[in-house]
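Have a look at the structure below, then the notes.
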Amino acid sequence: MHLILTHEQADFDALASLYGAYLLDERARPILPRRMNRNVRAFVTLYGAEFPFVEPDDLPRERVTWVTLVDTQSLVTVKGMGKRTRVRVLDHHPRRADLPEEWQVTCEEVGATTTLLVEAWQERNGHLSTVQATLLLLGIYEDTGSLTYASTTPRDVRAAAYLLECGASLKIAANFLNPPLSPAQRRVYDRLVAHARTYDVHGHRVVVTCGDATGMDEEISSLAHKLRDHFDPDALFVLVATDEGVRLVARSTSDEIDVAAVAAHFGGGGHDRAAAALIRPPDEEENREKGALQAFLSEQCRRLVDVLPRFVRPSITVAQIMSHDPQVLSPETPAEEAAKRMQRYGYEGFPVVRDGRVIGLLTRRAVDRALAHKLNLTAASLMEAGEVTVRPQDSLQTLQARMTESGWGQIPVVDPQSGHVIGIVTRTDLLKTLAPPDHRPGYRDLAERLEEALPPSHFALIRAVAEEGERQQMAVYVVGGFVRDLLLERPGLDFDIVVEGDAIALARALARRYGGRVTTHRRFGTAKWFLPRSPFGLRPDDLQTLDLISARTEFYERPSALPTVERGSIKLDLHRRDFTINTLAIRLDGRHFGKLYDYWGGLSDLERGLVRVLHSLSFIDDPTRMLRAVRYEQRYDFRIEERTLQLMDGARPLLARLSGDRVRHELDLILDEPRAPQMLARLAELDLLKAIHPDLPWDESLRALLQKGLDASPPDEFGSLPDLSGVPRRRALGYLLWLSGLAPERLREVGRRLRFVAPLLKALIAAATARAAFPTLAGAPPSAWTARLDEVPPLAVYALWLAATDEAARTALHQYLSRWRFVSPRTDGHVLRARGLPPGPIYRRILSRLRRAWLDGEVHTEEEEQALLEQLLRDLT
């Protein structure tokens with residue numbers, strides 16, 4: 001005989017699993033448990049006739065050859081079972097370690113055991129009635145909170161969808177899920193609400209309540225469900241005294257609280273979100289008296305509260321906020337060397353380590369005081385002695401206590417096994433995490449937004465990098481501007497990848513797997529992957545390369561110098577960036593895919609519309625950041641934060657020390673922006689243009705001119721306006737509109753300062769020279785205007801037309817662009833050679849004279865041009 005068994009106090013997942021296992025083997029007998037939850041018993045009473053369930057007392061006296069256990073791993077002895085009875089287990093809870101080796105055990109991580117059986121039945125394409133499909137649906141819905149619990153998997157959802165297609169009734173299911181409490185349950189519920197206590201355990205809100213439920217036959221799980229809805233905690237623990245002993249029912253909504261582990265400590269089990277245990281008194285006879293049982297209940301409540309910190313993982317651990325691979329000092333390090341390192345890396349203190357062990361902390365204050373007295377003492381002499389450390393798994397409460405007790409603002413993080421320093425966490429790290437709480441790393445999941453924002457080819461590329469990063473055991477992030485713009489719902493298609501590890505090795509692994517080639521820059525730990533097209537479906541005009549960068553930190557030997565680079569963590573890599581809004585990162589590898597990391601308050605500033613530097617020396621390190629601050633402010637209609645404005649004011653003179661190439665690069669980027677006029681106006685308002693060069697002009701008329709000129713399209717009659725060699729069209733036009741009003745000599749000085757490329761500088765000077773000559777051309781014939789403007793590139797003439805305020809000059813410029821520049825005589829060099837005229841400067845004089853005649857209306861036909869040519873030739877002879 002083959003029996004199908006489940007646990008006592010059966011819920012709908014247990015009952016549905018009994019029936020699901022029967023569907024797969026109709027020779028087996030599904031045995032109802034003696035105790036079922038009230039709503040399950042009600043369902044069996046109403047619909048039991050439609051199912052082959054067998055009451056335990058109705059079993060025939062036969063030998064049991066097989067037992068299938070569903071939704072449990074505990075075997076209850078049944079008559080007919082013996083040593084040769086074979087046992088098969090099908091469950092969605094973690095496998096117990098103490099199961100007999102000969103048992104056949106299948107434990108899979110799904111929300112309900114019923115899901116596994118529905119999947120098998122679906123493969124057989126079998127038929128289900130409405131009531132049968134509804135029972136199976138109830139099994140899935142009850143254990144997954146109607147598909148809302150975090151433990152719900154896509155498999156549960158697909159199984160539920162299949163059952164609905166089979167005709168499962170949501171109306172019937174709703175009648176049995178979360179039924180109203182019975183009068184007896186209501187009395188116990190009220191007592192539990194009154195006695196509930198809330199505890200903060202490692203940053204989690206945990207509710208524990210205890211009460212008397214002796215004499216009540218109904219299940220406790222319904223009470224737990226109602227209590228969880230009432231208190232909405234991270235975890236709920238209900239302990240009630242019953243006729244059998246103290247029953248523990250636990251529910252969790254957090255990955256950090258595994259209630260199954262807590263229940264196992266009390267002799268029970270379950271899964272990480274729902275578990276139970278029956279705690280029997282050591283002397284059951286003695287504890288049957290109500291007073292003794294209540295004392296035993298109180299003891300178990302105290303015991304539970306005492307052990308919770310052992311089983312509840314911190315909501316945020318030291319590992320999440322610490323900086324990896326910190327700088328440490330040896331006891332012999334001189335104060336001058338320590339001061340240099342503090343200035344280089346920006347920390348206020350360094351751990352002092354001997355033989356891998358922390359022996360003290362050297363602070364900037366101690367170093368500054370020693371050097372002020374001209375004492376170059378060692379770290380051992382100046383440090384605050386002590387072995388104050390935390391472990392990566394410690395909670396923020398533990399960290400806070402260490403800081404309070406020691407007074408240290410930087411606490412080393414040590415490996416629990418070796419005791420060696422592996423990280424450091426600062427008071428600033430702690431404060432940023434405690435307020436506001438939304439800033440803890442990884443609190444927001446952007447996986448769906450990534451997929452929605454990117455074309456399939458780009459998303460496939462990101463996925464490929466993420467998977468290779470996981471294979472190489474490297475943390476991989478997409479960072480900076482891409483993340484910023486994704487959150488602002490204006491995503492771009494270019495992105496860089498930052499790797500905590502060897503980016504060059506990752507790039508080469510990607511090239512080996514997918515193709516393409518890799519170039520590297522070992523000093524900076526960067527690689528450029530020239531992308532293959534086919535593996536990702538990239539079009540010819542799509543992304544051509546992908547930059548992979550090893551996470552690094554930077555320091556500056558002197559203001560405005562290029563940085564010196566060292567390998568670092570993602571946290572330090574983000575800290576080297578210009579503004580907080582650019583310090584956001586999305587992790588890509590493995591289970592972390594799509595998690596947002598915000599170590600430096602970037603998300604808050606993004607939401608508040610603030611441009612803020614990360615530290616007070618930011619503009620000293622790189623003065624070009626002042627120009628970028630304005631660009632971001634105006635691009636996003638943000639506001640430069642007040643302290644950042646103050647720092648810009650102090651650092652403004654440093655712009656004069658920057659190389660022309662670096663300044664011009666920032667101005668190029670500004671002119672490429674749609675709001676370039678607003679950006680230049682803001683630079684002028686902050687006196688940054690004058691700091692770059694005193695001759696850089698600005699007024700409201702220039703703002704209006706740039707706004708009009710950069711947004712407008714040239715009239716069709718102007719025809720082609722060739723670009724300047726090596727300069728994008730909009731950028732070139734921006735410089736021409738902005739600067740061509742300067743005198744040529746001043747333009748040359750500005751050009752030298754900004755290191756303009758030759759075609760741009762030549763066009764600017766030609767335009768400025770022509771503009772200066774306009775008054776002398778008043779009333780001049782078309783040929784005079786044309787002679788002057790032929791020396792100016794057409795794009796620069798277009799800029800002069802846009803800027804012209806004199807109507808006569810504007811008309812002449814319009815005529816030149818639309819007509820005069822295209823005028824040429826019918827005669828050319830071949831005609832002159834055929835007439836026997838030897839080549840030489842005379843050709844140019846003749847052809848220029850003929851062109852002037854056409855421009856000024858002296859000739860109107862080819863015949864008149866021929867007559868003029870004959871006269872010119874006669875004059876030559």
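Going through the structure tokens in order, the chains are called A, B, and so on, while each chain numbers its residues from 1 and the ligands are numbered from 1 in the order shown.
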Applying 7 Å and only C-alpha atoms, which residues near region 712-724 of chain A remain after dropping the ones on its own chain fewer than 5 positions away? List them as a PDB file with N, CA and C atoms, in the first residue's frame.
```
ATOM      1  N   ARG A 729      29.868  71.337 -36.136  1.00  0.00           N
ATOM      2  CA  ARG A 729      29.197  72.515 -36.688  1.00  0.00           C
ATOM      3  C   ARG A 729      28.627  73.425 -35.594  1.00  0.00           C
ATOM      4  N   PRO A 759      41.883  75.928 -38.005  1.00  0.00           N
ATOM      5  CA  PRO A 759      40.725  76.342 -38.822  1.00  0.00           C
ATOM      6  C   PRO A 759      39.744  77.230 -38.061  1.00  0.00           C
ATOM      7  N   LEU A 760      39.549  76.952 -36.775  1.00  0.00           N
ATOM      8  CA  LEU A 760      38.612  77.776 -35.999  1.00  0.00           C
ATOM      9  C   LEU A 760      39.195  79.157 -35.764  1.00  0.00           C
ATOM     10  N   PRO A 794      32.181  80.310 -45.312  1.00  0.00           N
ATOM     11  CA  PRO A 794      30.730  80.559 -45.375  1.00  0.00           C
ATOM     12  C   PRO A 794      30.033  80.438 -44.027  1.00  0.00           C
ATOM     13  N   LEU A 795      30.459  79.476 -43.186  1.00  0.00           N
ATOM     14  CA  LEU A 795      29.812  79.335 -41.880  1.00  0.00           C
ATOM     15  C   LEU A 795      30.044  80.585 -41.036  1.00  0.00           C
ATOM     16  N   LEU A 817      25.525  85.257 -49.303  1.00  0.00           N
ATOM     17  CA  LEU A 817      25.330  83.839 -49.006  1.00  0.00           C
ATOM     18  C   LEU A 817      24.382  83.173 -50.003  1.00  0.00           C
ATOM     19  N   SER A 818      23.385  83.907 -50.461  1.00  0.00           N
ATOM     20  CA  SER A 818      22.383  83.285 -51.330  1.00  0.00           C
ATOM     21  C   SER A 818      22.705  83.419 -52.812  1.00  0.00           C
TER      22      SER A 818
END
```
Near region 636-639 of chain A, within 12 Å and counting only C-alpha atoms, which residues show up once chain neighbours fewer than 3 positions away are dropped, as a ChimeraX atom specification? /A:484-485,488-490,581,605-612,629-633,642-645,673-675,678-679,682
Can you list, as a PyMOL selection string, every protein, DNA or RNA residue that comes within 8 Å of region 6-20 of chain A when you count only C-alpha atoms, leaving out same-chain residues fewer than 5 positions away? chain A and resi 30-37+40+51-53+69-72+74+112-114+117-118+121+135-136+138-140+142-143+219
Excluding Pro677 (chain A) and residues on its chain fewer than 2 positions from it, collect all residues at most 8 Å away from it, counting only C-alpha atoms, and give them as a ChimeraX atom specification. /A:675,679-681,703-704,706-707
Write to file, as a CSV table (one decimal), in the first residue's frame, the residues of the selection just made, with N, CA and C atoms.
```csv
chain,number,residue,atom,x,y,z
A,675,ARG,N,21.4,74.2,-23.8
A,675,ARG,CA,21.3,75.4,-23.0
A,675,ARG,C,22.6,76.1,-22.9
A,679,MET,N,24.3,78.6,-19.9
A,679,MET,CA,25.5,78.2,-19.2
A,679,MET,C,26.6,79.3,-19.2
A,680,LEU,N,26.8,79.9,-20.4
A,680,LEU,CA,27.7,81.0,-20.5
A,680,LEU,C,27.3,82.2,-19.7
A,681,ALA,N,26.0,82.4,-19.7
A,681,ALA,CA,25.6,83.6,-18.9
A,681,ALA,C,25.9,83.3,-17.4
A,703,ARG,N,23.8,86.7,-25.3
A,703,ARG,CA,22.9,85.6,-24.9
A,703,ARG,C,21.8,85.4,-25.9
A,704,ALA,N,21.2,86.5,-26.3
A,704,ALA,CA,20.0,86.5,-27.2
A,704,ALA,C,20.5,86.0,-28.6
A,706,LEU,N,23.2,84.0,-29.3
A,706,LEU,CA,23.5,82.6,-29.2
A,706,LEU,C,22.2,81.8,-29.2
A,707,GLN,N,21.2,82.2,-28.4
A,707,GLN,CA,20.0,81.5,-28.3
A,707,GLN,C,19.3,81.4,-29.7
```
Using only C-alpha atoms, which residues of region 382-468 of chain A come within 10 Å of region 509-521 of chain A, and what is the closest atom pair for each, with the distance in Å to one decimal? Give it as a tab-separated table, sorted by chain and residue number.
```
residue	atom	partner	partner_atom	distance
A:Ala464	CA	A:Leu510	CA	8.0
A:Val465	CA	A:Leu510	CA	7.2
A:Glu467	CA	A:Leu510	CA	9.8
A:Glu468	CA	A:Leu510	CA	6.8
```
Output N, CA and C atoms for every residue in that selection, as a PDB file, in the first residue's frame.
```
ATOM      1  N   ALA A 464      25.900  40.464 -20.563  1.00  0.00           N
ATOM      2  CA  ALA A 464      27.091  39.663 -20.843  1.00  0.00           C
ATOM      3  C   ALA A 464      28.237  40.066 -19.918  1.00  0.00           C
ATOM      4  N   VAL A 465      28.420  41.375 -19.725  1.00  0.00           N
ATOM      5  CA  VAL A 465      29.475  41.848 -18.823  1.00  0.00           C
ATOM      6  C   VAL A 465      29.183  41.387 -17.397  1.00  0.00           C
ATOM      7  N   GLU A 467      27.457  38.752 -16.378  1.00  0.00           N
ATOM      8  CA  GLU A 467      27.657  37.308 -16.221  1.00  0.00           C
ATOM      9  C   GLU A 467      29.137  36.950 -16.202  1.00  0.00           C
ATOM     10  N   GLU A 468      29.934  37.623 -17.038  1.00  0.00           N
ATOM     11  CA  GLU A 468      31.366  37.338 -17.038  1.00  0.00           C
ATOM     12  C   GLU A 468      31.996  37.813 -15.729  1.00  0.00           C
TER      13      GLU A 468
END
```
Please, which residues of region 300-431 of chain A, numbered as in this document, come out strand (DSSP E) from DSSP, as number ranges by chain? A: 323-324, 349-354, 357-363, 384-385, 410-414, 421-426
